Amino acid sequence: MKPRLLLLLLGLAAARGNAAVQVEQYHSHDFSFPARLEGNPFDVQLHGDFTGPGGVRLRVPGFYDGDGTWKIRFSPTRVGEWSMRTTSPVPALDGKTEQNIRCVPNRHPNIHGALRVDPAHPHHFVYEDGTRYFLLGYEADWLWGVDMKDPQRKSMRRLIDLMASRGFNHVMVNIYAHDTGWSPEKKHQWDYGPPEMYPWEGTNDQPDHSRLSPRFFQLYDGMMEALRDKGIVAHIMLKVYNKRVRWPEKWSADEEKYFRYVVARYQAFCNVVWDFSKESYNEKDDLLQSQLLDLVRSLDAYRHLTTAHDDDSYEWDPQLSRNIDFRTDQQHTDWAEMIAFDRARRPYPVLNSEFAYERGVDDLPSYRVQHDWEEQLRRAYLVYFAGGYGVYYYHNTAWDVVKPDPEPPGMQRFQLLKDTLSALPYWRMEPMNPLAVGGPCLALPGEAYAFYVEGPRLTANLMQLENPATASAEWINTWTGAREKAGPVHAALVRLTKPESFGKAPAVLVIRRRSQ
């Protein structure tokens with residue numbers, strides 16, 4: 001080989017070796033490390049110590065991904081140059097470095113970093129980059145288990161696309177569940193329980209809890225990526241107690257191993273919040289729950305929010321709930337009253353995750369309690385007008401029965417709810433029912449008012465609104481989205497009549513001060 005050609009090839013190889021690992025802000029990148037060793041690879045400890053702009057440091061745990069490969073999944077939080085060094089008791093994994101990690105600005109319109117509680121308005125959320133977040137939830141507990149043997153996962157992606165198209169940006173989803181009592185075994189082609197794969201080696205009946213299943217979690221990765229790219233936060237419920245799962249023994253090393261693995265694998269996804277369990281009240285050992293939530297928080301370098309689904313005794317104990325960032329309730333009756341109760345007790349967001357159950361368009365085996373979409377929508381408005389957030393539950397997509405088509409009628413009405421309320425300064429508005437007779441009120445006195453009106457008329461107190469005659473007033477049909485001007489507001493105390501064309505449909509009346 002000629003000397004000049006050899007030097008050129010060596011120069012190209014050196015350039016490739018020194019090329020920066022380029023990652024967009026809030027996106028994730030996997031650093032892979034091969035190693036062959038004896039024993040259980042899931043017992044190996046591995047961390048990546050990352051240093052970034054301004055001296056920021058992140059200690060990120062790694063995980064075993066099968067085939068002799070360990071990974072550290074990293075998401076840069078600041079634009080600029082980063083470096084990494086690994087630590088592990090295994091020599092083949094220890095001391096690995098990457099000195100040239102370049103974080104470039106995020107260009108994805110649906111990615112805004114991790115979800116936070118808004119420090120200025122603590123009953124609401126905000127993204128890490130400052131973008132407002134009006135939570136519209138969807139319960140899809142079995143989303144991870146849909147068509148696991150289809151390489152394209154068409155049904156799973158169809159449901160995610162449908163959720164995103166209707167404005168849903170928060171999905172309640174389990175890591176794993178095995179089967180439901182109302183549809184045991186596989187009754188039809190849309191029944192995905194029991195699932196095709198398990199989080200551990202072996203089976204659900206005879207699991208090897210000491211060894212997890214990388215293939216199961218690789219499929220879960222695909223769901224997480226699809227949700228992230230659509231701007232949907234995965235509200236991950238780490239356990240569920242009443243869906244026939246053989247969980248590791250409590251207080252065991254295998255139980256801790258499971259929690260460590262899940263947090264290591266998914267913390268670099270910006271679209272994550274952690275929930276101890278679906279219906280956490282089923283865990284009677286509050287000390288265990290507290291310790292495992294503390295473990296999650298200690299391992300998570302990105303400080304994702306934590307919650308405990310529907311566990312009143314845990315939430316209301318200030319010594320225990322110090323590791324809870326927002327309230328997740330499952331309230332079937334006192335929707336507005338319980339939200340008001342929790343907001344008054346503690347300044348944090350309140351989410352009612354399950355207040356009604358919309359019946360399926362197709363009559364498939366499902367949970368015994370069912371509601372028409374009109375009733376579920378009515379309850380949703382009561383939740384939001386109490387200052388909380390809500391989750392949409394549709395029978396044919398909530399659990400192991402997943403049939404997203406035809407689209408349920410409630411979905412587009414929930415989209416209308418979000419469009420109507422998020423157009424307001426909702427994060428500065430407070431429930432102020434004494435300002436109205438005829439329906440609940442959200443108000444930023446003197447600037448913006450929203451009233452939910454089921455009856456024919458509303459009486460409103462606008463005394464803090466300067467020059468009410470110049471205000472804009474509009475009725476919005478909650479079933480169709482039709483809008484009709486309410487006419488001039490002549491006085492500070494006013495009675496307005498809902499348009500006859502709305503029929504039986506409840507309405508939202510929005511009154512706003514006109515811009516100067």
# chains A, B, ... in the order shown; residues from 1 in each chain; ligands from 1

$ closest_atom_pairs --of "stretch 319-408 of chain A" --to "stretch 419-427 of chain A" --cutoff "10 Å" --atoms "only C-alpha atoms" --output "CSV"
residue,atom,partner,partner_atom,distance
A:Tyr381,CA,A:Leu421,CA,9.9
A:Tyr384,CA,A:Leu421,CA,8.7
A:Phe385,CA,A:Leu421,CA,9.3
A:Gly387,CA,A:Tyr426,CA,8.8

$ write_last_selection --atoms "C-alpha atoms" --output "mmCIF file, in the first residue's frame"
data_model
loop_
_atom_site.group_PDB
_atom_site.id
_atom_site.type_symbol
_atom_site.label_atom_id
_atom_site.label_comp_id
_atom_site.auth_asym_id
_atom_site.auth_seq_id
_atom_site.Cartn_x
_atom_site.Cartn_y
_atom_site.Cartn_z
ATOM 1 C CA TYR A 381 -65.945 18.627 33.326
ATOM 2 C CA TYR A 384 -61.540 19.927 35.627
ATOM 3 C CA PHE A 385 -63.739 22.729 36.968
ATOM 4 C CA GLY A 387 -59.133 22.422 39.521
#

$ closest_atom_pairs --of "stretch 135-215 of chain A" --to "stretch 341-363 of chain A" --cutoff "12 Å" --atoms "only C-alpha atoms" --output "JSON lines"
{"residue": "A:Leu135", "atom": "CA", "partner": "A:Leu351", "partner_atom": "CA", "distance": 8.8}
{"residue": "A:Leu136", "atom": "CA", "partner": "A:Leu351", "partner_atom": "CA", "distance": 9.8}
{"residue": "A:Gly137", "atom": "CA", "partner": "A:Ser353", "partner_atom": "CA", "distance": 7.6}
{"residue": "A:Tyr138", "atom": "CA", "partner": "A:Ser353", "partner_atom": "CA", "distance": 8.5}
{"residue": "A:Glu139", "atom": "CA", "partner": "A:Ser353", "partner_atom": "CA", "distance": 7.8}
{"residue": "A:Ala140", "atom": "CA", "partner": "A:Ser353", "partner_atom": "CA", "distance": 11.4}
{"residue": "A:Asp141", "atom": "CA", "partner": "A:Ser353", "partner_atom": "CA", "distance": 11.8}
{"residue": "A:His170", "atom": "CA", "partner": "A:Ser353", "partner_atom": "CA", "distance": 10.6}
{"residue": "A:Val171", "atom": "CA", "partner": "A:Ser353", "partner_atom": "CA", "distance": 10.0}
{"residue": "A:Met172", "atom": "CA", "partner": "A:Ser353", "partner_atom": "CA", "distance": 8.2}
{"residue": "A:Val173", "atom": "CA", "partner": "A:Ser353", "partner_atom": "CA", "distance": 11.5}
{"residue": "A:His188", "atom": "CA", "partner": "A:Asp363", "partner_atom": "CA", "distance": 12.0}
{"residue": "A:Trp190", "atom": "CA", "partner": "A:Asp362", "partner_atom": "CA", "distance": 11.2}

$ select_by_dssp --residues "stretch 15-152 of chain A" --states "helix (DSSP H, G or I)" --output "mmCIF file with C-alpha atoms, in the first residue's frame"
data_model
loop_
_atom_site.group_PDB
_atom_site.id
_atom_site.type_symbol
_atom_site.label_atom_id
_atom_site.label_comp_id
_atom_site.auth_asym_id
_atom_site.auth_seq_id
_atom_site.Cartn_x
_atom_site.Cartn_y
_atom_site.Cartn_z
ATOM 1 C CA ALA A 15 -11.401 11.061 12.639
ATOM 2 C CA ARG A 16 -14.066 8.416 13.086
ATOM 3 C CA GLY A 17 -12.638 7.494 16.475
ATOM 4 C CA ASN A 18 -12.770 11.100 17.659
ATOM 5 C CA PRO A 41 -25.696 -10.761 34.512
ATOM 6 C CA PHE A 42 -28.672 -9.059 36.204
ATOM 7 C CA ASP A 43 -26.660 -8.941 39.441
ATOM 8 C CA PRO A 53 -22.082 22.163 30.824
ATOM 9 C CA GLY A 54 -21.674 24.261 33.947
ATOM 10 C CA GLY A 55 -20.368 21.278 35.881
ATOM 11 C CA PRO A 91 -13.249 -4.958 35.128
ATOM 12 C CA ALA A 92 -14.586 -5.332 31.585
ATOM 13 C CA LEU A 93 -17.245 -2.692 32.320
ATOM 14 C CA LEU A 143 -50.737 -0.888 25.773
ATOM 15 C CA TRP A 144 -47.363 -2.614 26.147
ATOM 16 C CA GLY A 145 -48.952 -6.055 25.577
#

$ closest_residue --among "A:Arg260, A:Arg413, A:Lys485, A:Lys243" --to "A:Trp182" --atoms "only C-alpha atoms"
A:Lys243

$ closest_residue --among "A:Ser155, A:Ser83, A:Ser298, A:Thr307" --to "A:Arg57" --atoms "only C-alpha atoms"
A:Ser83

$ closest_residue --among "A:Val240, A:Ala268, A:Leu377, A:Ala492" --to "A:Pro61" --atoms "only C-alpha atoms"
A:Ala268

$ select_by_dssp --residues "stretch 23-202 of chain A" --states "strand (DSSP E)" --output "ChimeraX atom specification"
/A:23-24,29-34,47-51,57-61,63-64,69-74,80-87,97-104,115-117,125-127,132-133,136-139,170-174,200-202

$ write_last_selection --atoms "C-alpha atoms" --output "CSV table (one decimal), in the first residue's frame"
chain,number,residue,atom,x,y,z
A,23,VAL,CA,-27.7,13.7,20.9
A,24,GLU,CA,-30.5,16.2,20.9
A,29,HIS,CA,-28.8,7.6,23.5
A,30,ASP,CA,-27.7,4.1,24.5
A,31,PHE,CA,-24.0,3.5,25.2
A,32,SER,CA,-23.3,-0.3,24.8
A,33,PHE,CA,-20.6,-2.3,26.6
A,34,PRO,CA,-19.9,-6.0,25.7
A,47,HIS,CA,-23.1,3.3,36.4
A,48,GLY,CA,-22.3,6.0,34.0
A,49,ASP,CA,-21.0,9.3,35.5
A,50,PHE,CA,-21.8,12.1,33.1
A,51,THR,CA,-20.4,15.6,33.4
A,57,ARG,CA,-23.3,15.8,37.0
A,58,LEU,CA,-25.7,12.9,36.4
A,59,ARG,CA,-25.1,9.4,37.8
A,60,VAL,CA,-27.1,7.0,35.5
A,61,PRO,CA,-27.4,3.3,36.3
A,63,PHE,CA,-28.8,-2.4,32.7
A,64,TYR,CA,-28.2,-5.8,31.0
A,69,THR,CA,-24.4,-6.5,26.3
A,70,TRP,CA,-24.9,-3.9,29.0
A,71,LYS,CA,-26.3,-0.5,28.3
A,72,ILE,CA,-26.3,3.0,29.9
A,73,ARG,CA,-29.2,5.0,28.5
A,74,PHE,CA,-28.4,8.7,28.7
A,80,GLY,CA,-23.2,21.6,25.1
A,81,GLU,CA,-20.3,19.2,25.7
A,82,TRP,CA,-20.6,16.1,27.9
A,83,SER,CA,-18.3,13.3,29.0
A,84,MET,CA,-18.9,9.9,30.6
A,85,ARG,CA,-16.9,7.4,32.7
A,86,THR,CA,-18.3,4.1,33.8
A,87,THR,CA,-17.9,2.5,37.2
A,97,THR,CA,-14.9,6.7,28.9
A,98,GLU,CA,-16.5,8.8,26.2
A,99,GLN,CA,-15.0,12.3,26.2
A,100,ASN,CA,-16.9,13.7,23.2
A,101,ILE,CA,-20.6,13.8,23.7
A,102,ARG,CA,-22.3,16.7,22.1
A,103,CYS,CA,-25.8,17.8,23.1
A,104,VAL,CA,-27.5,19.9,20.3
A,115,LEU,CA,-42.6,16.8,33.4
A,116,ARG,CA,-42.4,19.0,36.5
A,117,VAL,CA,-44.8,20.6,39.1
A,125,PHE,CA,-47.6,20.9,35.6
A,126,VAL,CA,-45.0,22.4,33.3
A,127,TYR,CA,-42.4,20.8,31.1
A,132,ARG,CA,-47.3,24.5,29.6
A,133,TYR,CA,-48.8,21.1,30.1
A,136,LEU,CA,-55.5,15.0,29.3
A,137,GLY,CA,-55.2,11.4,30.4
A,138,TYR,CA,-56.0,8.1,28.8
A,139,GLU,CA,-56.1,4.7,30.5
A,170,HIS,CA,-50.8,11.3,29.4
A,171,VAL,CA,-51.3,7.6,29.4
A,172,MET,CA,-51.8,5.3,32.4
A,173,VAL,CA,-49.9,2.1,31.6
A,174,ASN,CA,-48.6,-0.8,33.6
A,200,TRP,CA,-38.9,-12.5,33.9
A,201,GLU,CA,-37.6,-15.7,32.5
A,202,GLY,CA,-39.9,-18.6,32.8

$ atom_distance --atom1 "atom CA of A:Lys187" --atom2 "atom CA of A:Ser165"
29.6 Å

$ closest_residue --among "A:Val402, A:Ala450, A:Ala226, A:Val272" --to "A:Tyr26" --atoms "only C-alpha atoms"
A:Val272

$ closest_residue --among "A:Pro89, A:Gly439, A:Pro195, A:Pro506" --to "A:Glu374" --atoms "only C-alpha atoms"
A:Pro506

$ residues_around --residues "A:Val508" --least-positions-apart "5" --cutoff "8 Å" --atoms "only C-alpha atoms" --output "ChimeraX atom specification"
/A:450-453,475-478

$ write_last_selection --atoms "N, CA and C atoms" --output "short mmCIF file (atom, residue, chain, number, x, y, z; two decimals), in the first residue's frame"
data_model
loop_
_atom_site.label_atom_id
_atom_site.label_comp_id
_atom_site.auth_asym_id
_atom_site.auth_seq_id
_atom_site.Cartn_x
_atom_site.Cartn_y
_atom_site.Cartn_z
N ALA A 450 -64.79 30.94 33.44
CA ALA A 450 -65.39 29.83 32.71
C ALA A 450 -66.42 29.17 33.62
N PHE A 451 -67.60 28.91 33.08
CA PHE A 451 -68.70 28.31 33.84
C PHE A 451 -69.16 27.05 33.11
N TYR A 452 -69.39 25.99 33.88
CA TYR A 452 -69.95 24.76 33.30
C TYR A 452 -71.44 24.74 33.62
N VAL A 453 -72.28 24.73 32.57
CA VAL A 453 -73.72 24.96 32.73
C VAL A 453 -74.48 23.76 32.16
N TRP A 475 -70.85 31.07 24.43
CA TRP A 475 -71.29 29.74 24.81
C TRP A 475 -70.62 28.70 23.91
N ILE A 476 -70.20 27.58 24.51
CA ILE A 476 -69.58 26.49 23.76
C ILE A 476 -70.30 25.19 24.09
N ASN A 477 -70.83 24.53 23.07
CA ASN A 477 -71.53 23.26 23.22
C ASN A 477 -70.51 22.15 23.50
N THR A 478 -70.63 21.48 24.65
CA THR A 478 -69.63 20.47 25.02
C THR A 478 -69.77 19.18 24.23
#

$ closest_residue --among "A:Pro199, A:Asp147, A:Gln331, A:Cys270" --to "A:Asp129" --atoms "only C-alpha atoms"
A:Cys270

$ atom_distance --atom1 "atom CA of A:His108" --atom2 "atom CA of A:Tyr302"
19.4 Å

$ residues_around --residues "A:Lys186" --least-positions-apart "3" --cutoff "12 Å" --atoms "only C-alpha atoms" --output "JSON list (two decimals) with C-alpha atoms, in the first residue's frame"
[["chain", "number", "residue", "atom", "x", "y", "z"],
["A", 178, "HIS", "CA", -51.26, -11.01, 33.48],
["A", 179, "ASP", "CA", -55.02, -11.35, 33.05],
["A", 180, "THR", "CA", -58.37, -9.87, 34.06],
["A", 181, "GLY", "CA", -61.27, -11.52, 35.86],
["A", 182, "TRP", "CA", -63.87, -10.16, 33.45],
["A", 183, "SER", "CA", -62.13, -11.57, 30.37],
["A", 189, "GLN", "CA", -58.76, -11.72, 18.64],
["A", 190, "TRP", "CA", -58.65, -8.42, 20.56],
["A", 191, "ASP", "CA", -58.01, -10.09, 23.91],
["A", 192, "TYR", "CA", -54.28, -9.74, 24.75],
["A", 193, "GLY", "CA", -54.28, -11.40, 28.15],
["A", 194, "PRO", "CA", -52.42, -13.42, 29.16],
["A", 195, "PRO", "CA", -49.63, -11.69, 27.20],
["A", 196, "GLU", "CA", -47.19, -13.35, 24.87],
["A", 364, "LEU", "CA", -66.87, -7.16, 24.26],
["A", 365, "PRO", "CA", -66.22, -8.81, 27.65],
["A", 400, "ASP", "CA", -56.43, -6.59, 28.00],
["A", 401, "VAL", "CA", -59.24, -6.03, 25.49],
["A", 402, "VAL", "CA", -57.81, -3.55, 22.97]]

$ residues_around --residues "A:Asp254" --least-positions-apart "3" --cutoff "7 Å" --atoms "only C-alpha atoms" --output "number ranges by chain"
A: 209-210, 248, 257-258

$ write_last_selection --atoms "N, CA and C atoms" --output "PDB file, in the first residue's frame"
ATOM      1  N   HIS A 209     -37.588 -15.058  39.050  1.00  0.00           N
ATOM      2  CA  HIS A 209     -37.507 -13.642  39.373  1.00  0.00           C
ATOM      3  C   HIS A 209     -36.077 -13.131  39.482  1.00  0.00           C
ATOM      4  N   SER A 210     -35.110 -14.031  39.491  1.00  0.00           N
ATOM      5  CA  SER A 210     -33.716 -13.595  39.577  1.00  0.00           C
ATOM      6  C   SER A 210     -33.178 -13.122  38.235  1.00  0.00           C
ATOM      7  N   PRO A 248     -42.258 -10.868  42.578  1.00  0.00           N
ATOM      8  CA  PRO A 248     -41.217 -11.349  43.488  1.00  0.00           C
ATOM      9  C   PRO A 248     -41.655 -11.204  44.948  1.00  0.00           C
ATOM     10  N   LYS A 257     -34.392  -5.890  42.663  1.00  0.00           N
ATOM     11  CA  LYS A 257     -33.772  -6.007  41.339  1.00  0.00           C
ATOM     12  C   LYS A 257     -34.733  -5.555  40.242  1.00  0.00           C
ATOM     13  N   TYR A 258     -35.990  -5.959  40.365  1.00  0.00           N
ATOM     14  CA  TYR A 258     -37.003  -5.550  39.381  1.00  0.00           C
ATOM     15  C   TYR A 258     -37.144  -4.034  39.358  1.00  0.00           C
TER      16      TYR A 258
END
